Amino acid sequence: MTAPVGDRVVDGVYQALPDASTDRLYTLVTALVAEVWTVRDRLRLTEIALAQAGIDVEAVFTSRRDTEDELEAMRADRDAFVERVFRALLPPEREPAGGA
Amino acid sequence: MALPAPNHTDSSRFDLAEGVRSFNYRRVVTPLLEDFGRRAAEAGVQPTTKEEAGELYRSDPAYLFACGTQRAMQQLAWTTAVDSIERSAPEITAELKTTRDSSTHSRLELVADSDLPDWYTWHTREGFDDIHLVPGGYWRNELVGAVYERGGSVYRLAWRAGYDAKPGALEAFVRTAPRTDYERVIDLGCAFGGLTRVLRKVFPTAEVIGLDISAPALVYAHHLAEVGGQDITYSQRDAMATGYDDDSVDVVTAFLLLHEVPDDVRARILTEAFRILKPGGRVMFLDIPPYSALSPAQAFFESFDGRGNGENFWEEFLASDFPALLRSVGFEQIEDGPLDFPEPGYWGSSALWRTGRFDEVHRWVTSAVKPAAAAEQVQA
């Protein structure tokens, strides 16, 4: 049986899984799980509060349209979300030394 | 067509796809391209080809995930677009039928039981990637026009604005023609009529004809022209054998067609265009820049479409000498270069080579003229 090649330090960076790509992907997945759970829990509490206040939440999803200000806020929130989830995929930050 | 509004889940997915792709271009692709010089220096090489440049990236997880991210978001956008359109399929189908049955401005000519060429259908039939990863290619789904209008706007990172929100570049391209008083203009591989509608606008006296082999694409193009009150004929014909008379057309155009056909088909399309053009008539193409116009690193990133975005003839076209092909067919006055149309918000047409900074080289124009004496040469 071949021993796994993960759980080691490669070029100064800890690597849990057998290759660097899979390791980054798992980091991304766990970040995404944290985001999804946070939203789910916040949504649960929000829906409880809205129902107690007599507001039809389903109607908000089916018929309400965002205003331009709301869309702008959504995009800023989305971009921050993407940054948090996908930051594991970023190339290392280095000073440019001649581009393409 | 005023497509039914996507529901909240569709909208969220489209917003996410645009956000992730924007991140991918700005935060991953751009630094990778900017790091080219350092990588080359560290490797002790000076790449002169896209293949050599690719050696500096192919084993880098950042590059590999950039490819994976692009592909995953492309698939997310199209599958969501299909879901969104299929939910309203009966209404959209009924609207298209109404237009066909009662058109007053435009015409639609379809061929019953037409045989589509094998090169056009086999990727979808065999379950391989098809053009732009659109499920069913451009021919299997009867509502592909609506799917493309919705999903294509996500590709342009502007789904809330709509697919045709900024047609300025197409008009700038058409206006590179030396005249506007033509008698007959034909748009080859017109698909959903994006360029054809602009031809109608810019050439007010011309008979404007859009040709394609995909019936679903033409049905949608005809619908858009009819709703817009435009006098356009859409006809299901093969660009290699259009059936029009010799020397009967002033201008032949094609937008993003050349990279969607194999080499031999491209050559036969040019031969047919040469035949139907009047002496002095012109071909005008707007397409993707050839590798020879780009740096090795840019060309490598541009080449992703041929591997990961269902562009099955991308490589053979972009690596070819298209002006030489035009010359071999008999065209002259060949002009080849970027479209002069500044549009800061334009991300580019290739899937992965995008940086968020405008570069006119992304839109590539090639035009040529049939010699005035060509008719005599052919007869001789």
# chains A, B, ... in the order shown; residues from 1 in each chain; ligands from 1
>>> interface_residues(of="chain A", to="chain B", cutoff="12 Å", atoms="only C-alpha atoms", output="ChimeraX atom specification")
/A:19-25,28,58-66,68,71-72,74-100
>>> select_by_dssp(residues="chain A", states="strand (DSSP E)", output="PyMOL selection string")
chain A and resi 8-10+13-15
>>> residues_around(residues="B:Phe313", least_positions_apart="2", cutoff="6 Å", atoms="only C-alpha atoms", output="PDB file with N, CA and C atoms, in the first residue's frame")
ATOM      1  N   HIS B 259     -13.992  31.629 -36.509  1.00  0.00           N
ATOM      2  CA  HIS B 259     -13.347  30.700 -35.580  1.00  0.00           C
ATOM      3  C   HIS B 259     -14.267  29.550 -35.183  1.00  0.00           C
ATOM      4  N   GLU B 260     -15.474  29.531 -35.745  1.00  0.00           N
ATOM      5  CA  GLU B 260     -16.426  28.472 -35.410  1.00  0.00           C
ATOM      6  C   GLU B 260     -16.525  27.397 -36.484  1.00  0.00           C
ATOM      7  N   VAL B 261     -15.655  27.460 -37.496  1.00  0.00           N
ATOM      8  CA  VAL B 261     -15.728  26.479 -38.586  1.00  0.00           C
ATOM      9  C   VAL B 261     -14.336  25.905 -38.850  1.00  0.00           C
ATOM     10  N   PRO B 262     -14.282  24.646 -39.363  1.00  0.00           N
ATOM     11  CA  PRO B 262     -12.984  24.055 -39.686  1.00  0.00           C
ATOM     12  C   PRO B 262     -12.317  24.755 -40.865  1.00  0.00           C
ATOM     13  N   GLU B 311     -14.642  25.652 -27.897  1.00  0.00           N
ATOM     14  CA  GLU B 311     -14.316  26.263 -29.191  1.00  0.00           C
ATOM     15  C   GLU B 311     -13.488  25.269 -29.991  1.00  0.00           C
ATOM     16  N   GLU B 315      -8.227  26.907 -32.376  1.00  0.00           N
ATOM     17  CA  GLU B 315      -6.787  26.815 -32.581  1.00  0.00           C
ATOM     18  C   GLU B 315      -6.434  26.930 -34.063  1.00  0.00           C
ATOM     19  N   GLU B 316      -7.163  26.205 -34.897  1.00  0.00           N
ATOM     20  CA  GLU B 316      -6.777  26.200 -36.305  1.00  0.00           C
ATOM     21  C   GLU B 316      -7.013  27.560 -36.956  1.00  0.00           C
TER      22      GLU B 316
END
>>> residues_around(residues="B:Tyr220", least_positions_apart="4", cutoff="7 Å", atoms="only C-alpha atoms", output="PDB file with N, CA and C atoms, in the first residue's frame")
ATOM      1  N   GLY B 145     -32.083  30.577 -28.790  1.00  0.00           N
ATOM      2  CA  GLY B 145     -31.978  32.034 -28.927  1.00  0.00           C
ATOM      3  C   GLY B 145     -32.225  32.742 -27.602  1.00  0.00           C
ATOM      4  N   PHE B 192     -28.207  34.838 -34.065  1.00  0.00           N
ATOM      5  CA  PHE B 192     -29.406  35.496 -33.546  1.00  0.00           C
ATOM      6  C   PHE B 192     -29.566  36.921 -34.092  1.00  0.00           C
ATOM      7  N   PRO B 216     -33.314  27.109 -35.155  1.00  0.00           N
ATOM      8  CA  PRO B 216     -33.695  27.811 -33.922  1.00  0.00           C
ATOM      9  C   PRO B 216     -33.062  29.195 -33.813  1.00  0.00           C
ATOM     10  N   LEU B 224     -36.686  38.898 -33.313  1.00  0.00           N
ATOM     11  CA  LEU B 224     -36.132  40.173 -32.849  1.00  0.00           C
ATOM     12  C   LEU B 224     -36.270  41.257 -33.927  1.00  0.00           C
TER      13      LEU B 224
END
>>> select_by_dssp(residues="stretch 143-182 of chain B", states="helix (DSSP H, G or I)", output="VMD selection string")
chain B and resid 144 to 155 168 to 174
>>> residues_around(residues="A:Asp7", least_positions_apart="3", cutoff="12 Å", atoms="only C-alpha atoms", output="ChimeraX atom specification")
/A:3-4,10,13-20,23
>>> residues_around(residues="B:Gly280", least_positions_apart="3", cutoff="7 Å", atoms="only C-alpha atoms", output="short mmCIF file (atom, residue, chain, number, x, y, z; two decimals) with C-alpha atoms, in the first residue's frame")
data_model
loop_
_atom_site.label_atom_id
_atom_site.label_comp_id
_atom_site.auth_asym_id
_atom_site.auth_seq_id
_atom_site.Cartn_x
_atom_site.Cartn_y
_atom_site.Cartn_z
CA VAL B 369 -12.23 43.50 -51.87
CA LYS B 370 -13.08 41.40 -54.91
CA PRO B 371 -11.09 42.90 -57.78
CA ALA B 372 -13.10 44.91 -60.27
#
>>> residues_around(residues="B:Gly210", least_positions_apart="6", cutoff="8 Å", atoms="only C-alpha atoms", output="PyMOL selection string")
chain B and resi 186-190+193+196+232-235
>>> write_last_selection(atoms="N, CA and C atoms", output="compact mmCIF listing (two decimals), in the first residue's frame")
# COMPACT_ATOMS: atom_id res chain seq x y z
N ILE B 186 -25.17 40.71 -47.23
CA ILE B 186 -25.46 39.39 -46.66
C ILE B 186 -24.56 39.15 -45.45
N ASP B 187 -25.18 38.73 -44.35
CA ASP B 187 -24.48 38.43 -43.10
C ASP B 187 -24.42 36.91 -42.94
N LEU B 188 -23.22 36.36 -43.06
CA LEU B 188 -23.06 34.90 -42.99
C LEU B 188 -22.98 34.43 -41.54
N GLY B 189 -23.57 33.27 -41.25
CA GLY B 189 -23.52 32.74 -39.89
C GLY B 189 -24.08 33.74 -38.90
N CYS B 190 -25.24 34.27 -39.23
CA CYS B 190 -25.77 35.43 -38.48
C CYS B 190 -26.28 35.06 -37.10
N GLY B 193 -28.74 37.28 -35.08
CA GLY B 193 -28.94 38.52 -35.82
C GLY B 193 -28.35 39.76 -35.19
N THR B 196 -26.67 41.53 -37.97
CA THR B 196 -27.62 41.78 -39.07
C THR B 196 -28.49 43.00 -38.77
N ILE B 232 -35.71 42.69 -42.67
CA ILE B 232 -34.57 41.78 -42.82
C ILE B 232 -35.10 40.42 -43.27
N THR B 233 -34.36 39.78 -44.17
CA THR B 233 -34.69 38.40 -44.56
C THR B 233 -33.71 37.46 -43.87
N TYR B 234 -34.23 36.52 -43.11
CA TYR B 234 -33.39 35.48 -42.52
C TYR B 234 -33.65 34.18 -43.26
N SER B 235 -32.60 33.56 -43.72
CA SER B 235 -32.75 32.39 -44.58
C SER B 235 -31.82 31.27 -44.13
>>> closest_residue(among="B:Gly243, B:Gly306, B:Gly330, B:Pro135", to="B:Leu270", atoms="only C-alpha atoms")
B:Gly330
>>> atom_distance(atom1="atom CA of B:Lys97", atom2="atom CA of B:Arg125")
27.0 Å
>>> decode(residues="stretch 148-183 of chain B", atoms="N, CA and C atoms", output="mmCIF file, in the first residue's frame")
data_model
loop_
_atom_site.group_PDB
_atom_site.id
_atom_site.type_symbol
_atom_site.label_atom_id
_atom_site.label_comp_id
_atom_site.auth_asym_id
_atom_site.auth_seq_id
_atom_site.Cartn_x
_atom_site.Cartn_y
_atom_site.Cartn_z
ATOM 1 N N TYR B 148 -29.445 31.957 -25.207
ATOM 2 C CA TYR B 148 -28.228 32.711 -25.495
ATOM 3 C C TYR B 148 -28.363 34.169 -25.075
ATOM 4 N N GLU B 149 -29.542 34.735 -25.303
ATOM 5 C CA GLU B 149 -29.727 36.134 -24.907
ATOM 6 C C GLU B 149 -29.510 36.294 -23.408
ATOM 7 N N ARG B 150 -30.019 35.326 -22.653
ATOM 8 C CA ARG B 150 -29.880 35.415 -21.202
ATOM 9 C C ARG B 150 -28.463 35.067 -20.741
ATOM 10 N N GLY B 151 -27.956 33.914 -21.183
ATOM 11 C CA GLY B 151 -26.629 33.482 -20.733
ATOM 12 C C GLY B 151 -25.511 34.309 -21.329
ATOM 13 N N GLY B 152 -25.681 34.762 -22.562
ATOM 14 C CA GLY B 152 -24.644 35.564 -23.203
ATOM 15 C C GLY B 152 -24.390 36.871 -22.492
ATOM 16 N N SER B 153 -25.421 37.409 -21.888
ATOM 17 C CA SER B 153 -25.227 38.662 -21.163
ATOM 18 C C SER B 153 -24.393 38.429 -19.892
ATOM 19 N N VAL B 154 -24.466 37.222 -19.344
ATOM 20 C CA VAL B 154 -23.615 36.893 -18.198
ATOM 21 C C VAL B 154 -22.157 36.800 -18.665
ATOM 22 N N TYR B 155 -21.968 36.222 -19.858
ATOM 23 C CA TYR B 155 -20.622 36.122 -20.421
ATOM 24 C C TYR B 155 -20.003 37.513 -20.565
ATOM 25 N N ARG B 156 -20.847 38.475 -20.882
ATOM 26 C CA ARG B 156 -20.363 39.861 -21.023
ATOM 27 C C ARG B 156 -20.289 40.584 -19.688
ATOM 28 N N LEU B 157 -20.546 39.867 -18.611
ATOM 29 C CA LEU B 157 -20.501 40.441 -17.260
ATOM 30 C C LEU B 157 -21.469 41.615 -17.130
ATOM 31 N N ALA B 158 -22.629 41.476 -17.764
ATOM 32 C CA ALA B 158 -23.605 42.573 -17.712
ATOM 33 C C ALA B 158 -25.020 42.020 -17.861
ATOM 34 N N TRP B 159 -25.350 40.988 -17.094
ATOM 35 C CA TRP B 159 -26.631 40.333 -17.361
ATOM 36 C C TRP B 159 -27.816 41.228 -17.017
ATOM 37 N N ARG B 160 -27.647 42.084 -16.041
ATOM 38 C CA ARG B 160 -28.786 42.948 -15.681
ATOM 39 C C ARG B 160 -29.031 44.018 -16.746
ATOM 40 N N ALA B 161 -27.996 44.388 -17.504
ATOM 41 C CA ALA B 161 -28.168 45.390 -18.554
ATOM 42 C C ALA B 161 -28.751 44.769 -19.818
ATOM 43 N N GLY B 162 -28.531 43.445 -20.015
ATOM 44 C CA GLY B 162 -29.064 42.786 -21.203
ATOM 45 C C GLY B 162 -28.003 42.596 -22.264
ATOM 46 N N TYR B 163 -28.267 41.655 -23.167
ATOM 47 C CA TYR B 163 -27.259 41.227 -24.138
ATOM 48 C C TYR B 163 -26.894 42.326 -25.125
ATOM 49 N N ASP B 164 -27.882 43.060 -25.582
ATOM 50 C CA ASP B 164 -27.634 44.068 -26.614
ATOM 51 C C ASP B 164 -27.477 45.463 -26.038
ATOM 52 N N ALA B 165 -27.090 45.563 -24.805
ATOM 53 C CA ALA B 165 -27.094 46.872 -24.149
ATOM 54 C C ALA B 165 -26.145 47.859 -24.806
ATOM 55 N N LYS B 166 -25.016 47.355 -25.349
ATOM 56 C CA LYS B 166 -24.023 48.261 -25.935
ATOM 57 C C LYS B 166 -23.613 47.777 -27.321
ATOM 58 N N PRO B 167 -24.454 48.034 -28.324
ATOM 59 C CA PRO B 167 -24.106 47.564 -29.673
ATOM 60 C C PRO B 167 -23.158 48.490 -30.404
ATOM 61 N N GLY B 168 -22.570 49.460 -29.737
ATOM 62 C CA GLY B 168 -21.747 50.482 -30.398
ATOM 63 C C GLY B 168 -20.593 49.920 -31.184
ATOM 64 N N ALA B 169 -19.960 48.860 -30.686
ATOM 65 C CA ALA B 169 -18.805 48.308 -31.389
ATOM 66 C C ALA B 169 -19.214 47.720 -32.733
ATOM 67 N N LEU B 170 -20.363 47.066 -32.771
ATOM 68 C CA LEU B 170 -20.820 46.493 -34.037
ATOM 69 C C LEU B 170 -21.094 47.596 -35.054
ATOM 70 N N GLU B 171 -21.685 48.669 -34.584
ATOM 71 C CA GLU B 171 -21.956 49.778 -35.512
ATOM 72 C C GLU B 171 -20.642 50.405 -35.992
ATOM 73 N N ALA B 172 -19.679 50.532 -35.087
ATOM 74 C CA ALA B 172 -18.373 51.078 -35.492
ATOM 75 C C ALA B 172 -17.721 50.174 -36.538
ATOM 76 N N PHE B 173 -17.876 48.879 -36.353
ATOM 77 C CA PHE B 173 -17.336 47.923 -37.323
ATOM 78 C C PHE B 173 -18.008 48.099 -38.682
ATOM 79 N N VAL B 174 -19.332 48.148 -38.698
ATOM 80 C CA VAL B 174 -20.059 48.270 -39.969
ATOM 81 C C VAL B 174 -19.699 49.575 -40.669
ATOM 82 N N ARG B 175 -19.501 50.611 -39.880
ATOM 83 C CA ARG B 175 -19.207 51.912 -40.473
ATOM 84 C C ARG B 175 -17.777 52.004 -41.016
ATOM 85 N N THR B 176 -16.987 50.956 -40.881
ATOM 86 C CA THR B 176 -15.694 50.946 -41.563
ATOM 87 C C THR B 176 -15.867 50.700 -43.065
ATOM 88 N N ALA B 177 -17.068 50.314 -43.484
ATOM 89 C CA ALA B 177 -17.347 50.189 -44.925
ATOM 90 C C ALA B 177 -17.266 51.575 -45.557
ATOM 91 N N PRO B 178 -16.759 51.654 -46.789
ATOM 92 C CA PRO B 178 -16.554 52.980 -47.404
ATOM 93 C C PRO B 178 -17.847 53.663 -47.836
ATOM 94 N N ARG B 179 -18.943 52.905 -47.950
ATOM 95 C CA ARG B 179 -20.206 53.501 -48.398
ATOM 96 C C ARG B 179 -21.346 52.990 -47.523
ATOM 97 N N THR B 180 -22.515 53.621 -47.691
ATOM 98 C CA THR B 180 -23.707 53.132 -46.988
ATOM 99 C C THR B 180 -24.874 52.919 -47.954
ATOM 100 N N ASP B 181 -24.642 53.131 -49.256
ATOM 101 C CA ASP B 181 -25.754 53.060 -50.224
ATOM 102 C C ASP B 181 -25.744 51.763 -51.032
ATOM 103 N N TYR B 182 -25.490 50.649 -50.358
ATOM 104 C CA TYR B 182 -25.419 49.369 -51.069
ATOM 105 C C TYR B 182 -26.815 48.849 -51.430
ATOM 106 N N GLU B 183 -26.824 47.903 -52.389
ATOM 107 C CA GLU B 183 -28.097 47.309 -52.822
ATOM 108 C C GLU B 183 -28.399 46.002 -52.085
#
